[in-house]
>>> print(open('target32.cif').read())   # mmCIF, C-alpha atoms
data_query
loop_
_atom_site.label_atom_id
_atom_site.label_comp_id
_atom_site.auth_asym_id
_atom_site.auth_seq_id
_atom_site.Cartn_x
_atom_site.Cartn_y
_atom_site.Cartn_z
CA MET A 12 63.15 -129.01 84.08
CA GLY A 13 62.95 -125.31 83.29
CA ARG A 14 64.25 -122.75 85.77
CA ILE A 15 60.85 -121.10 86.29
CA LYS A 16 59.17 -124.44 87.05
CA HIS A 17 62.03 -125.29 89.41
CA PHE A 18 61.55 -122.06 91.37
CA LYS A 19 57.76 -122.58 91.47
CA ILE A 20 58.21 -126.00 93.08
CA ILE A 21 60.63 -124.60 95.66
CA TYR A 22 58.30 -121.67 96.41
CA LYS A 23 55.25 -123.92 96.90
CA THR A 24 57.32 -126.23 99.10
CA GLN A 25 58.38 -123.28 101.27
CA LEU A 26 54.72 -122.31 101.70
CA LYS A 27 53.93 -125.86 102.85
CA LEU A 28 56.78 -125.70 105.38
CA ALA A 29 55.52 -122.37 106.70
CA ALA A 30 51.98 -123.76 106.98
CA ALA A 31 53.36 -126.60 109.14
CA ASP A 32 55.10 -124.05 111.44
CA VAL A 33 58.53 -125.13 110.28
CA ASP A 34 61.35 -122.59 110.08
CA VAL A 35 62.04 -122.40 106.33
CA THR A 36 65.54 -120.97 106.84
CA ARG A 37 66.68 -124.17 108.56
CA PHE A 38 66.37 -126.30 105.42
CA ARG A 39 67.76 -126.36 101.91
CA ILE A 40 65.19 -127.72 99.46
CA GLN A 41 66.42 -129.98 96.66
CA VAL A 42 64.14 -130.82 93.74
CA VAL A 43 64.80 -134.35 92.41
CA MET A 44 63.54 -135.71 89.08
CA ARG A 45 62.27 -139.28 89.11
CA GLY A 46 63.38 -141.90 86.60
CA GLY A 47 61.96 -145.14 85.22
CA LYS A 48 58.16 -145.40 85.00
CA LEU A 49 57.78 -142.12 86.91
CA LYS A 50 60.15 -140.21 84.63
CA GLY A 51 59.24 -136.54 84.43
CA GLN A 52 57.77 -136.36 87.93
CA SER A 53 59.59 -134.62 90.77
CA TYR A 54 59.78 -134.66 94.54
CA ALA A 55 61.55 -132.61 97.20
CA LEU A 56 64.29 -133.51 99.65
CA TYR A 57 64.89 -131.36 102.71
CA HIS A 58 68.50 -130.93 103.91
CA GLY A 59 69.01 -129.68 107.46
CA GLU A 60 71.77 -127.53 108.91
CA ASN A 61 73.72 -130.53 110.25
CA GLY A 62 73.56 -132.69 107.13
CA GLU A 63 70.38 -134.60 108.03
CA ARG A 64 68.02 -135.37 105.18
CA TYR A 65 64.21 -135.63 105.24
CA ARG A 66 61.86 -136.91 102.53
CA SER A 67 58.67 -135.21 103.74
CA ILE A 68 57.37 -132.42 105.95
CA LYS A 69 55.73 -135.05 108.17
CA GLU A 70 59.15 -136.57 108.80
CA ILE A 71 60.51 -133.16 109.79
CA ALA A 72 57.65 -132.67 112.26
CA ARG A 73 58.26 -136.00 114.01
CA GLU A 74 60.12 -136.31 117.27
CA PRO A 75 63.86 -137.09 116.72
CA SER A 76 63.47 -140.45 118.49
CA HIS A 77 61.02 -141.57 115.81
CA ARG A 78 63.44 -140.98 112.95
CA SER A 79 65.54 -143.71 111.38
CA GLU A 80 69.06 -144.12 112.70
CA ARG A 81 70.33 -144.96 109.20
CA ARG A 82 73.34 -142.88 108.33
CA HIS A 83 72.64 -139.88 106.08
CA HIS A 84 75.27 -137.89 104.25
CA SER A 85 75.20 -134.19 103.50
CA PRO A 86 74.60 -133.57 99.78
CA LEU A 87 77.38 -132.94 97.31
CA GLU A 88 77.14 -129.53 95.62
CA TYR A 89 78.62 -130.01 92.16
CA TRP A 90 82.31 -130.88 92.66
CA ARG A 91 82.81 -129.05 95.94
CA ASN A 92 83.47 -130.83 99.21
CA GLU A 93 84.20 -134.16 97.53
CA THR A 94 85.06 -136.72 100.12
CA THR A 95 87.47 -139.56 99.40
CA GLU A 96 87.11 -141.45 102.66
CA GLU A 97 87.42 -145.23 102.67
CA LYS A 98 84.95 -147.03 100.42
CA GLU A 99 83.79 -149.22 103.30
CA ASN A 100 82.23 -146.15 104.93
CA TYR A 101 79.78 -145.74 102.07
CA VAL A 102 79.18 -149.18 100.53
CA ILE A 103 76.34 -151.36 101.83
CA ARG A 104 75.01 -154.73 100.65
CA ILE A 105 71.30 -155.44 100.40
CA ARG A 106 68.99 -158.06 98.90
CA ASP A 107 66.62 -156.92 96.17
CA ASN A 108 63.06 -158.23 95.68
CA ARG A 109 64.41 -161.33 93.93
CA GLY A 110 66.85 -162.14 96.72
CA THR A 111 69.91 -161.05 94.74
CA HIS A 112 72.71 -159.33 96.67
CA ARG A 113 73.37 -155.76 95.52
CA SER A 114 76.23 -153.46 96.49
CA LEU A 115 75.12 -149.84 96.84
CA CYS A 116 77.21 -146.70 97.29
CA LEU A 117 75.77 -144.07 99.67
CA HIS A 118 78.36 -141.42 98.81
CA PRO A 119 76.95 -137.83 98.82
CA PHE A 120 77.57 -137.75 95.06
CA ASN A 121 74.51 -140.00 94.73
CA SER A 122 72.28 -138.00 97.09
CA SER A 123 69.84 -137.03 94.31
CA ARG A 124 69.20 -140.66 93.33
CA CYS A 125 66.68 -143.07 94.84
CA LEU A 126 67.06 -146.85 94.56
CA TYR A 127 64.51 -149.37 95.79
CA GLU A 128 62.38 -146.42 96.97
CA LYS A 129 64.53 -145.82 100.06
CA TYR A 130 68.27 -145.52 99.31
CA ALA A 131 69.88 -142.30 98.10
CA ALA A 132 72.51 -144.39 96.37
CA ASN A 133 73.74 -145.96 93.15
CA HIS A 134 74.87 -149.48 92.31
CA VAL A 135 78.62 -149.71 92.85
CA SER A 136 79.09 -151.13 89.34
CA ASP A 137 77.55 -147.95 87.83
CA CYS A 138 78.70 -145.43 90.43
CA GLY A 139 80.41 -142.23 89.30
CA CYS A 140 81.39 -140.94 92.76
CA PRO A 141 85.03 -139.98 93.51
CA LEU A 142 85.66 -143.37 95.11
CA HIS A 143 84.41 -145.51 92.21
CA ARG A 144 84.51 -143.43 89.04
CA ASN A 145 87.90 -144.71 87.88
CA ASP A 146 86.92 -148.36 88.40
CA THR A 147 83.57 -147.98 86.65
CA TYR A 148 84.67 -145.61 83.88
CA TRP A 149 84.61 -148.07 80.99
CA ARG A 150 81.30 -149.62 82.00
CA ARG A 151 79.65 -146.22 82.31
CA LEU A 152 81.24 -145.08 79.06
CA GLY A 153 79.98 -148.23 77.30
CA ASN A 154 76.41 -147.51 78.40
CA TYR A 155 76.78 -143.88 77.32
CA VAL A 156 77.99 -144.60 73.78
CA LEU A 157 75.54 -147.49 73.36
CA ASN A 158 72.67 -145.13 74.15
CA ILE A 159 73.95 -142.68 71.50
CA ARG A 160 73.99 -145.42 68.83
CA ASN A 161 70.61 -146.87 69.79
CA THR A 162 68.94 -143.46 69.95
CA ALA A 163 70.25 -142.58 66.49
CA LEU A 164 68.75 -145.80 65.09
CA LYS A 165 65.48 -145.42 66.97
CA TYR A 166 64.81 -141.93 65.60
CA GLY A 167 66.38 -142.46 62.18
CA ASN A 168 69.11 -139.84 62.66
CA ASP A 169 71.02 -140.31 59.38
CA ASN A 170 73.69 -137.76 60.31
CA TYR A 171 74.67 -139.76 63.39
CA THR A 172 74.35 -143.21 61.79
CA ARG A 173 76.57 -142.13 58.87
CA ASP A 174 79.23 -140.93 61.30
CA ILE A 175 78.93 -144.14 63.35
CA THR A 176 78.55 -146.77 60.61
CA GLY A 177 79.27 -145.02 57.30
CA MET A 178 75.71 -145.75 56.17
CA SER A 179 72.30 -144.13 56.42
CA CYS A 180 69.90 -145.58 58.96
CA LYS A 181 67.94 -147.47 56.29
CA GLU A 182 71.10 -148.86 54.65
CA TYR A 183 72.53 -149.96 57.99
CA LYS A 184 69.34 -151.75 59.09
CA SER A 185 69.12 -153.54 55.74
CA TYR A 186 72.77 -154.62 56.06
CA ILE A 187 72.19 -155.99 59.58
CA HIS A 188 69.03 -157.77 58.36
CA ARG A 189 70.99 -159.55 55.60
CA LYS A 190 73.67 -160.62 58.10
CA TRP A 191 70.97 -161.93 60.43
CA LEU A 192 69.43 -164.01 57.63
CA ASN A 193 72.84 -165.49 56.71
CA THR A 194 73.69 -166.24 60.35
CA PHE A 195 70.41 -167.86 61.38
CA SER A 196 69.55 -169.63 58.13
CA GLY A 197 69.12 -173.29 59.08
CA ILE A 198 68.94 -172.43 62.79
CA LEU A 199 65.63 -170.58 62.98
CA SER A 200 62.44 -171.83 61.40
CA GLU A 201 61.33 -170.41 58.05
CA ASN A 202 58.44 -168.71 59.79
CA ASN A 203 60.81 -166.80 62.09
CA LEU A 204 63.08 -165.88 59.20
CA ASN A 205 60.22 -164.19 57.35
CA MET A 206 60.49 -160.98 59.39
CA ASN A 207 61.30 -157.81 57.47
CA VAL A 208 63.86 -155.21 58.59
CA GLU A 209 61.60 -153.10 60.81
CA GLU A 210 59.99 -156.17 62.39
CA LEU A 211 63.43 -157.52 63.27
CA PHE A 212 64.58 -154.30 64.95
CA ALA A 213 61.28 -154.02 66.84
CA CYS A 214 61.22 -157.65 68.04
CA ARG A 215 62.13 -158.06 71.71
CA PHE A 216 63.61 -161.51 71.03
CA TYR A 217 66.66 -159.94 69.35
CA ALA A 218 69.35 -157.45 70.36
CA LEU A 219 71.95 -155.53 68.36
CA ASP A 220 75.38 -156.58 69.57
CA GLU A 221 79.05 -155.92 68.88
CA TRP A 222 80.72 -159.14 67.70
CA TYR A 223 84.06 -158.06 69.17
CA PRO A 224 82.72 -156.74 72.51
CA ARG A 225 83.02 -153.18 73.80
CA CYS A 226 84.60 -154.41 77.03
CA ALA A 227 87.65 -155.54 75.03
CA GLY A 228 88.51 -151.88 74.49
CA ARG A 229 89.19 -151.22 78.16
CA PRO A 230 93.01 -151.11 77.66
CA SER A 231 92.57 -148.10 75.35
CA VAL A 232 91.76 -146.00 78.44
CA GLU A 233 95.48 -145.86 79.23
CA HIS A 234 96.18 -144.22 75.86
CA GLY A 235 93.75 -141.31 76.02
CA LEU A 236 90.50 -140.21 74.42
CA LEU A 237 91.70 -140.39 70.83
CA GLU A 238 92.63 -144.06 71.12
CA GLN A 239 89.28 -144.77 72.80
CA ALA A 240 87.51 -142.97 69.93
CA ARG A 241 89.37 -145.11 67.37
CA PHE A 242 88.35 -148.29 69.15
CA LEU A 243 84.68 -147.25 69.38
CA ALA A 244 84.66 -146.25 65.71
CA SER A 245 85.73 -149.81 64.81
CA ALA A 246 83.58 -151.53 67.44
CA PHE A 247 80.39 -149.83 66.21
CA SER A 248 81.18 -150.25 62.54
CA ALA A 249 78.77 -152.26 60.39
CA GLU A 250 81.35 -155.04 60.01
CA ASN A 251 81.47 -155.61 63.78
CA THR A 252 77.75 -155.41 64.61
CA GLN A 253 75.19 -158.16 64.35
CA MET A 254 71.70 -159.08 65.50
CA LEU A 255 71.67 -161.85 68.12
CA ILE A 256 69.00 -163.57 70.18
CA ASN A 257 68.52 -161.43 73.26
CA LYS A 258 68.21 -163.72 76.31
CA ARG A 259 68.14 -167.41 77.28
CA PRO A 260 64.32 -167.57 77.55
CA ASP A 261 64.10 -166.02 74.07
CA ALA A 262 66.33 -168.78 72.69
CA GLU A 263 64.07 -171.41 74.28
CA HIS A 264 61.01 -169.73 72.77
CA LEU A 265 62.64 -169.71 69.31
CA GLY A 266 63.82 -173.33 69.66
CA VAL A 267 67.54 -172.53 69.53
CA SER A 268 69.91 -174.75 71.53
CA LYS A 269 71.83 -172.85 74.23
CA GLU A 270 74.50 -175.56 74.31
CA LYS A 271 75.07 -175.62 70.55
CA TYR A 272 74.81 -171.87 69.80
CA PRO A 273 75.91 -169.94 72.93
CA HIS A 274 77.72 -167.41 70.72
CA LEU A 275 74.40 -166.42 69.12
CA ILE A 276 72.65 -165.62 72.41
CA ASN A 277 73.51 -162.22 73.84
CA GLY A 278 72.58 -163.17 77.41
CA ILE A 279 75.11 -166.02 77.35
CA LYS A 280 77.82 -164.48 75.17
CA LEU A 281 78.06 -161.32 77.32
CA GLY A 282 81.63 -159.98 76.97
CA LYS A 283 83.32 -163.18 75.85
CA VAL A 284 85.84 -162.70 73.05
CA TYR A 285 85.57 -165.47 70.46
CA PRO A 286 88.61 -166.14 68.18
CA GLU A 287 86.49 -165.55 65.05
CA ALA A 288 85.36 -162.17 66.38
CA GLU A 289 88.92 -161.12 67.18
CA SER A 290 90.23 -162.12 63.75
CA ASN A 291 87.31 -160.33 62.06
CA PHE A 292 87.98 -157.21 64.13
CA LYS A 293 91.60 -157.15 62.98
CA THR A 294 90.51 -157.21 59.34
CA ILE A 295 88.20 -154.20 59.70
CA LYS A 296 89.60 -151.36 57.68
CA LYS A 297 90.82 -148.25 59.43
CA PRO A 298 87.80 -146.24 60.65
CA SER A 299 87.01 -143.03 58.82
CA ASP A 300 88.15 -139.69 60.19
CA GLU A 301 84.49 -138.68 60.50
CA ALA A 302 83.74 -141.65 62.77
CA VAL A 303 86.78 -141.01 64.97
CA GLU A 304 85.98 -137.30 65.22
CA PHE A 305 82.36 -138.09 66.09
CA TRP A 306 83.25 -140.38 68.98
CA TYR A 307 86.05 -138.10 70.15
CA SER A 308 83.58 -135.20 70.42
CA LYS A 309 81.19 -137.39 72.44
CA LEU A 310 83.94 -138.66 74.74
CA ARG A 311 84.98 -135.13 75.58
CA LEU A 312 81.45 -134.50 76.90
CA PHE A 313 81.37 -137.65 79.05
#
>>> encode(input="target32.cif", output="C-alpha cells")
Amino acid sequence: MGRIKHFKIIYKTQLKLAAADVDVTRFRIQVVMRGGKLKGQSYALYHGENGERYRSIKEIAREPSHRSERRHHSPLEYWRNETTEEKENYVIRIRDNRGTHRSLCLHPFNSSRCLYEKYAANHVSDCGCPLHRNDTYWRRLGNYVLNIRNTALKYGNDNYTRDITGMSCKEYKSYIHRKWLNTFSGILSENNLNMNVEELFACRFYALDEWYPRCAGRPSVEHGLLEQARFLASAFSAENTQMLINKRPDAEHLGVSKEKYPHLINGIKLGKVYPEAESNFKTIKKPSDEAVEFWYSKLRLF
C-alpha cells in the first residue's frame, strides 16, 4: 500500500471516530491488509491507551461489560518491546471448521494478522514471534525459498531459473517433463501421459517436488547462511527435482495405487528420505557459484 493511500485511510477513519463522538487522541489506528481471497483489501484496528484492541467503532461505543473478556495484547511496534514471556501465556488450542485441533500464538508480533476471522494470531508451526522463530526457522525458510522458485517458473523469469537450476525456464520444464514420462511410464494410462509440458505444469493433479526433501537440510542451520545456500542450490537443482502426483485423492483419480507407489505421491511422501533419493543427492555435482550466490543473497533478506 502506498503512503498516501495509507494516510487517506487513517484520515477517513479519524473522521468517522469524530462523527461518533469518540476522542480520536485516545486511539492509535492500525491499517491491516487482508490476505487470501480478500487480498488487497484493508481494514482498521483501534488500539487503546491501555493495550485494548477494537475491531470497529461500534465496539468502541459499547459499554465495557458488553466487550469480550478474551485477552488482548498491545501491538508490537517493529522490534521494540519484544516480550519473551512463557509460551504458555500466548499459545491457545482451537478446533477449526473441520474439527482439527490447531495451536495458535497470540503474541503481539502477530497482532496485524487475522485467523479464522477472529484471532489476531498465527499458527505456531509458522510463527515468527520471538518465542517461536528459532523453532520454526527452517519451515518458514522452506516456504520462502519455495515461493521464489515457483514464482520464477510461473512468470518465466529466465534469470532466476538459470541461477536456480542452470537452465532457462523452457529448458527446465522440458527436462522435468521428460523425467515425468520416464517415471510414470507403465504406471499412468497412455491418455494421461499424452500431456505436453505446459499442460503438466498447469495440472492440479501434479506437484513439483524435491526428491531429497528440503527438510533434510535442517542441520545446515548450525553452519551458517553459506552452508544453507549450498544445500538449497543442490536441493533445487534439476537433478533433484521431479513432478509427482499431488495428493491421495489425485492418485485415486489417476488410478495409481497408494500402497504400491507411495514415493510417487507428494501427499504421502511428505519429508520422508528414501535411500535412492539420498544416494542420488550425493552424486549431484557441486552447485555452481552463481546458484550459491543467488540463494545466499535471498537468505540474507529472510
>>> residues_around(input="target32.cif", residues="region 235-242 of chain A", least_positions_apart="2", cutoff="12 Å", atoms="all atoms listed in the file", output="ChimeraX atom specification")
/A:149,152-153,156,175,223-233,244-248,251,292-293,295-313
>>> residues_around(input="target32.cif", residues="Cys214 (chain A)", least_positions_apart="2", cutoff="12 Å", atoms="all atoms listed in the file", output="PDB file with C-alpha atoms, in the frame of the given file")
ATOM      1  CA  ASN A 203      60.810-166.800  62.090  1.00  0.00           C
ATOM      2  CA  MET A 206      60.490-160.980  59.390  1.00  0.00           C
ATOM      3  CA  ASN A 207      61.300-157.810  57.470  1.00  0.00           C
ATOM      4  CA  VAL A 208      63.860-155.210  58.590  1.00  0.00           C
ATOM      5  CA  GLU A 209      61.600-153.100  60.810  1.00  0.00           C
ATOM      6  CA  GLU A 210      59.990-156.170  62.390  1.00  0.00           C
ATOM      7  CA  LEU A 211      63.430-157.520  63.270  1.00  0.00           C
ATOM      8  CA  PHE A 212      64.580-154.300  64.950  1.00  0.00           C
ATOM      9  CA  PHE A 216      63.610-161.510  71.030  1.00  0.00           C
ATOM     10  CA  TYR A 217      66.660-159.940  69.350  1.00  0.00           C
ATOM     11  CA  ALA A 218      69.350-157.450  70.360  1.00  0.00           C
ATOM     12  CA  LEU A 219      71.950-155.530  68.360  1.00  0.00           C
ATOM     13  CA  MET A 254      71.700-159.080  65.500  1.00  0.00           C
ATOM     14  CA  LEU A 255      71.670-161.850  68.120  1.00  0.00           C
ATOM     15  CA  ILE A 256      69.000-163.570  70.180  1.00  0.00           C
ATOM     16  CA  ASN A 257      68.520-161.430  73.260  1.00  0.00           C
ATOM     17  CA  ASP A 261      64.100-166.020  74.070  1.00  0.00           C
TER      18      ASP A 261
END
>>> residues_around(input="target32.cif", residues="Tyr183 (chain A)", least_positions_apart="6", cutoff="8 Å", atoms="only C-alpha atoms", output="list in words")
Thr172, Thr176 and Ala249 of chain A
>>> closest_residue(input="target32.cif", among="A:Asn158, A:Asn205, A:Pro141, A:Glu250", to="Lys190 (chain A)", atoms="only C-alpha atoms")
A:Glu250
>>> residues_near_point(input="target32.cif", point="(67.8, -172.1, 72.7)", cutoff="12 Å", atoms="all atoms listed in the file", output="MDAnalysis selection string")
chainID A and resid 198:199 216 255:279
>>> write_last_selection(input="target32.cif", atoms="C-alpha atoms", output="compact mmCIF listing (two decimals), in the frame of the given file")
# COMPACT_ATOMS: atom_id res chain seq x y z
CA ILE A 198 68.94 -172.43 62.79
CA LEU A 199 65.63 -170.58 62.98
CA PHE A 216 63.61 -161.51 71.03
CA LEU A 255 71.67 -161.85 68.12
CA ILE A 256 69.00 -163.57 70.18
CA ASN A 257 68.52 -161.43 73.26
CA LYS A 258 68.21 -163.72 76.31
CA ARG A 259 68.14 -167.41 77.28
CA PRO A 260 64.32 -167.57 77.55
CA ASP A 261 64.10 -166.02 74.07
CA ALA A 262 66.33 -168.78 72.69
CA GLU A 263 64.07 -171.41 74.28
CA HIS A 264 61.01 -169.73 72.77
CA LEU A 265 62.64 -169.71 69.31
CA GLY A 266 63.82 -173.33 69.66
CA VAL A 267 67.54 -172.53 69.53
CA SER A 268 69.91 -174.75 71.53
CA LYS A 269 71.83 -172.85 74.23
CA GLU A 270 74.50 -175.56 74.31
CA LYS A 271 75.07 -175.62 70.55
CA TYR A 272 74.81 -171.87 69.80
CA PRO A 273 75.91 -169.94 72.93
CA HIS A 274 77.72 -167.41 70.72
CA LEU A 275 74.40 -166.42 69.12
CA ILE A 276 72.65 -165.62 72.41
CA ASN A 277 73.51 -162.22 73.84
CA GLY A 278 72.58 -163.17 77.41
CA ILE A 279 75.11 -166.02 77.35
>>> residues_around(input="target32.cif", residues="region 106-109 of chain A", least_positions_apart="4", cutoff="10 Å", atoms="only C-alpha atoms", output="list of chain:residue names")
A:Arg113, A:Ser114, A:Tyr127
>>> closest_residue(input="target32.cif", among="A:Cys116, A:Leu126, A:Ala72, A:Leu157", to="Cys140 (chain A)", atoms="only C-alpha atoms")
A:Cys116
>>> closest_residue(input="target32.cif", among="A:Thr162, A:Leu204, A:Ile40, A:Arg173", to="Leu26 (chain A)", atoms="all atoms listed in the file")
A:Ile40
>>> atom_distance(input="target32.cif", atom1="CA of Lys23 (chain A)", atom2="CA of Ala132 (chain A)")
26.8 Å
>>> closest_residue(input="target32.cif", among="A:His134, A:Cys125, A:Ile15, A:His143", to="Ile105 (chain A)", atoms="only C-alpha atoms")
A:His134
>>> resolve_selection(input="target32.cif", expression="the PyMOL selection byres ((chain A and resi 38) around 8)", output="mmCIF file with C-alpha atoms, keeping the file's coordinate frame")
data_model
loop_
_atom_site.group_PDB
_atom_site.id
_atom_site.type_symbol
_atom_site.label_atom_id
_atom_site.label_comp_id
_atom_site.auth_asym_id
_atom_site.auth_seq_id
_atom_site.Cartn_x
_atom_site.Cartn_y
_atom_site.Cartn_z
ATOM 1 C CA ASP A 34 61.350 -122.590 110.080
ATOM 2 C CA VAL A 35 62.040 -122.400 106.330
ATOM 3 C CA THR A 36 65.540 -120.970 106.840
ATOM 4 C CA ARG A 37 66.680 -124.170 108.560
ATOM 5 C CA ARG A 39 67.760 -126.360 101.910
ATOM 6 C CA ILE A 40 65.190 -127.720 99.460
ATOM 7 C CA TYR A 57 64.890 -131.360 102.710
ATOM 8 C CA HIS A 58 68.500 -130.930 103.910
ATOM 9 C CA GLY A 59 69.010 -129.680 107.460
ATOM 10 C CA GLU A 60 71.770 -127.530 108.910
#
>>> residues_near_point(input="target32.cif", point="(62.8, -144.6, 100.0)", cutoff="12 Å", atoms="only C-alpha atoms", output="count of residues only")
19
>>> atom_distance(input="target32.cif", atom1="CA of His118 (chain A)", atom2="CA of Tyr101 (chain A)")
5.6 Å
>>> atom_distance(input="target32.cif", atom1="CA of Val43 (chain A)", atom2="CA of Lys69 (chain A)")
18.2 Å
>>> closest_residue(input="target32.cif", among="A:Ile20, A:Val135, A:Ala163, A:Leu115", to="Arg150 (chain A)", atoms="only C-alpha atoms")
A:Val135
>>> build_atoms(input="target32.cif", residues="region 214-233 of chain A", atoms="N, CA and C atoms", output="compact mmCIF listing (two decimals), in the coordinates of the input")
# COMPACT_ATOMS: atom_id res chain seq x y z
N CYS A 214 61.50 -156.42 67.31
CA CYS A 214 61.22 -157.65 68.04
C CYS A 214 62.06 -157.75 69.31
N ARG A 215 61.41 -158.00 70.42
CA ARG A 215 62.13 -158.06 71.71
C ARG A 215 62.97 -159.31 71.85
N PHE A 216 62.82 -160.29 70.95
CA PHE A 216 63.61 -161.51 71.03
C PHE A 216 65.05 -161.31 70.55
N TYR A 217 65.34 -160.17 69.93
CA TYR A 217 66.66 -159.94 69.35
C TYR A 217 67.29 -158.66 69.88
N ALA A 218 68.62 -158.62 69.87
CA ALA A 218 69.35 -157.45 70.36
C ALA A 218 70.55 -157.19 69.45
N LEU A 219 70.79 -155.92 69.16
CA LEU A 219 71.95 -155.53 68.36
C LEU A 219 73.19 -155.61 69.23
N ASP A 220 74.21 -156.30 68.74
CA ASP A 220 75.38 -156.58 69.57
C ASP A 220 76.66 -156.35 68.78
N GLU A 221 77.73 -156.05 69.51
CA GLU A 221 79.05 -155.92 68.88
C GLU A 221 79.74 -157.29 68.94
N TRP A 222 80.11 -157.80 67.77
CA TRP A 222 80.72 -159.14 67.70
C TRP A 222 81.99 -159.17 68.55
N TYR A 223 82.90 -158.25 68.30
CA TYR A 223 84.06 -158.06 69.17
C TYR A 223 83.61 -157.08 70.24
N PRO A 224 83.45 -157.51 71.50
CA PRO A 224 82.72 -156.74 72.51
C PRO A 224 83.37 -155.41 72.89
N ARG A 225 82.54 -154.50 73.36
CA ARG A 225 83.02 -153.18 73.80
C ARG A 225 83.99 -153.31 74.96
N CYS A 226 83.75 -154.28 75.85
CA CYS A 226 84.60 -154.41 77.03
C CYS A 226 86.05 -154.71 76.67
N ALA A 227 86.28 -155.25 75.46
CA ALA A 227 87.65 -155.54 75.03
C ALA A 227 88.46 -154.28 74.79
N GLY A 228 87.80 -153.14 74.73
CA GLY A 228 88.51 -151.88 74.49
C GLY A 228 88.98 -151.20 75.75
N ARG A 229 88.79 -151.84 76.90
CA ARG A 229 89.19 -151.22 78.16
C ARG A 229 90.66 -150.77 78.19
N PRO A 230 91.60 -151.56 77.63
CA PRO A 230 93.01 -151.11 77.66
C PRO A 230 93.26 -149.77 76.97
N SER A 231 92.37 -149.36 76.06
CA SER A 231 92.57 -148.10 75.35
C SER A 231 92.46 -146.89 76.28
N VAL A 232 91.90 -147.10 77.48
CA VAL A 232 91.76 -146.00 78.44
C VAL A 232 93.13 -145.42 78.79
N GLU A 233 94.13 -146.29 78.85
CA GLU A 233 95.48 -145.86 79.23
C GLU A 233 96.13 -144.98 78.17
